[in-house]
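Asker: To start, I am sharing the structure in question, which I have written as structure tokens.
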Amino acid sequence: MLLDQTAAAQEAGPWKDAGTKDGVALAFRQDPQSRLREVRATTEMPFPPEQIYAVVCDFSRYGEFVPGIREARTIDGSSPTHYVAYLRYAPRFLVVAARDVVLQVQGGAEPDGAFGCRWSALDGRLPVSESAVRMPLDTGSWVAEPMNDGRTRVVYQVAADPGGRLPGWLVRWGSTRAM
């Protein structure tokens, strides 16, 4: 199924609690294959899964509501089901260059009523920009699962390598705080 975890993700080990803020539970674990920190955020929302899916899985609209996104567009396909998207992030710190990434996104509905999408960085689809560092790894998912009380459990999971010459400790530190 589209939203099932991969075998590699299941082997990554247990999640470590990173606390709860504003109703969002954060957790992380080290990915043994990439040696990066994988981050997960979980919350409940009073909206149907298909409405949440329509917003969070449409990367082409992220510039409207995700802080730091300077450019977001669909390159090919049909959002939010199966498409290729381009995202450009503004630098968060003066000494860090802007980042960009091309993502292959697949999403849809599951038989149990859940909606969601998975994405991964797509190498070679667009030329590398001279004014941004291309992210070599960005993989993750959004899953919106219906609950019995009419609410929806939402899970966001991501592992990303911002590329460039950032030290590993800084990338791990920032990955949890960026949530």
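Please note that chains go A, B, ... in the order of the structure tokens, that every chain numbers its residues from 1, and that ligands are numbered from 1 in the order shown.
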With the cut-off set at 10 Å and counting only C-alpha atoms, tabulate each residue of stretch 23-55 of chain A with an atom at most that distance from an atom of stretch 135-148 of chain A, showing the nearest atom pair and its distance in Å to one decimal, ordered by chain and increasing number, as JSON lines.

Answerer:
{"residue": "A:Ser34", "atom": "CA", "partner": "A:Leu137", "partner_atom": "CA", "distance": 8.9}
{"residue": "A:Leu36", "atom": "CA", "partner": "A:Leu137", "partner_atom": "CA", "distance": 9.7}
{"residue": "A:Glu38", "atom": "CA", "partner": "A:Gly140", "partner_atom": "CA", "distance": 8.9}
{"residue": "A:Val39", "atom": "CA", "partner": "A:Gly140", "partner_atom": "CA", "distance": 9.2}
{"residue": "A:Arg40", "atom": "CA", "partner": "A:Gly140", "partner_atom": "CA", "distance": 9.3}
{"residue": "A:Ala41", "atom": "CA", "partner": "A:Trp142", "partner_atom": "CA", "distance": 9.7}
{"residue": "A:Thr42", "atom": "CA", "partner": "A:Val143", "partner_atom": "CA", "distance": 9.6}
{"residue": "A:Thr43", "atom": "CA", "partner": "A:Ala144", "partner_atom": "CA", "distance": 9.8}
{"residue": "A:Glu44", "atom": "CA", "partner": "A:Met147", "partner_atom": "CA", "distance": 9.0}
{"residue": "A:Met45", "atom": "CA", "partner": "A:Ala144", "partner_atom": "CA", "distance": 9.3}
{"residue": "A:Pro46", "atom": "CA", "partner": "A:Met147", "partner_atom": "CA", "distance": 9.9}
{"residue": "A:Phe47", "atom": "CA", "partner": "A:Pro146", "partner_atom": "CA", "distance": 9.2}
{"residue": "A:Pro48", "atom": "CA", "partner": "A:Pro146", "partner_atom": "CA", "distance": 7.0}
{"residue": "A:Pro49", "atom": "CA", "partner": "A:Ala144", "partner_atom": "CA", "distance": 5.0}
{"residue": "A:Glu50", "atom": "CA", "partner": "A:Ala144", "partner_atom": "CA", "distance": 7.7}
{"residue": "A:Gln51", "atom": "CA", "partner": "A:Ala144", "partner_atom": "CA", "distance": 9.2}
{"residue": "A:Ile52", "atom": "CA", "partner": "A:Ala144", "partner_atom": "CA", "distance": 6.8}
{"residue": "A:Tyr53", "atom": "CA", "partner": "A:Ala144", "partner_atom": "CA", "distance": 6.6}

Asker: Just the residues within 6 Å of stretch 56-62 of chain A, please, counting only C-alpha atoms, with nothing from its chain fewer than 3 positions along; format it as a PyMOL selection string.

Answerer: chain A and resi 53+65-66+72-74+79-80

Asker: Go ahead and save the residues from that selection, with C-alpha atoms, as a tab-separated table (two decimals), in the first residue's frame.

Answerer:
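Below you can see part-v9.tsv, which holds the result:
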chain	number	residue	atom	x	y	z
A	53	TYR	CA	-4.80	15.64	2.69
A	65	PHE	CA	1.46	28.93	4.40
A	66	VAL	CA	4.83	27.29	5.17
A	72	ALA	CA	6.78	26.14	-4.67
A	73	ARG	CA	5.49	24.80	-7.96
A	74	THR	CA	4.34	21.68	-9.76
A	79	SER	CA	-1.37	17.44	-7.32
A	80	PRO	CA	-1.98	15.93	-4.80

Asker: Given only C-alpha atoms as the basis, pick out the residue of A:Gly19, A:Gly77, A:Arg118, A:Arg29 nearest to A:Tyr156.

Answerer: A:Arg118

Asker: Suppose you want the space between atom CA of A:Val133 and atom CA of A:Gly68; what is it in Å?

Answerer: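 Computed distance, atom CA of A:Val133 to atom CA of A:Gly68, equals 14.8 Å.
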
Asker: If you run DSSP on the backbone, which residues of chain A are helix (DSSP H, G or I), as a list of chain:residue names?

Answerer: A:Ala7, A:Ala8, A:Ala9, A:Gln10, A:Pro49, A:Glu50, A:Gln51, A:Ile52, A:Tyr53, A:Ala54, A:Val55, A:Val56, A:Phe59, A:Ser60, A:Arg61, A:Tyr62, A:Gly63, A:Glu64, A:Phe65, A:Gly168, A:Trp169, A:Leu170, A:Val171, A:Arg172, A:Trp173, A:Gly174, A:Ser175, A:Thr176, A:Arg177

Asker: Leaving out A:Lys16 and any residue of its chain fewer than 4 positions from it, which residues lie within 9 Å of it when counting only C-alpha atoms, given as a PyMOL selection string?

Answerer: chain A and resi 26-29

Asker: Let's have the selection written as an mmCIF file, in the first residue's frame, with C-alpha atoms.

Answerer:
data_model
loop_
_atom_site.group_PDB
_atom_site.id
_atom_site.type_symbol
_atom_site.label_atom_id
_atom_site.label_comp_id
_atom_site.auth_asym_id
_atom_site.auth_seq_id
_atom_site.Cartn_x
_atom_site.Cartn_y
_atom_site.Cartn_z
ATOM 1 C CA LEU A 26 7.403 15.317 18.474
ATOM 2 C CA ALA A 27 9.667 12.282 18.254
ATOM 3 C CA PHE A 28 12.890 11.380 16.469
ATOM 4 C CA ARG A 29 15.144 8.448 15.659
#

Asker: Where does DSSP see strand (DSSP E or B) in chain A, if you list the residues as an NGL selection string?

Answerer: :A and (16-21 or 24-30 or 37-45 or 69-78 or 82-89 or 99-109 or 115-121 or 133-134 or 137-146 or 152-161)

Asker: Of the residues A:Ile75, A:Val158, A:Gly13, A:Gly63, which is the one nearest to A:Cys117, using only C-alpha atoms?

Answerer: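 That would be A:Val158, the residue with the smallest distance to A:Cys117.
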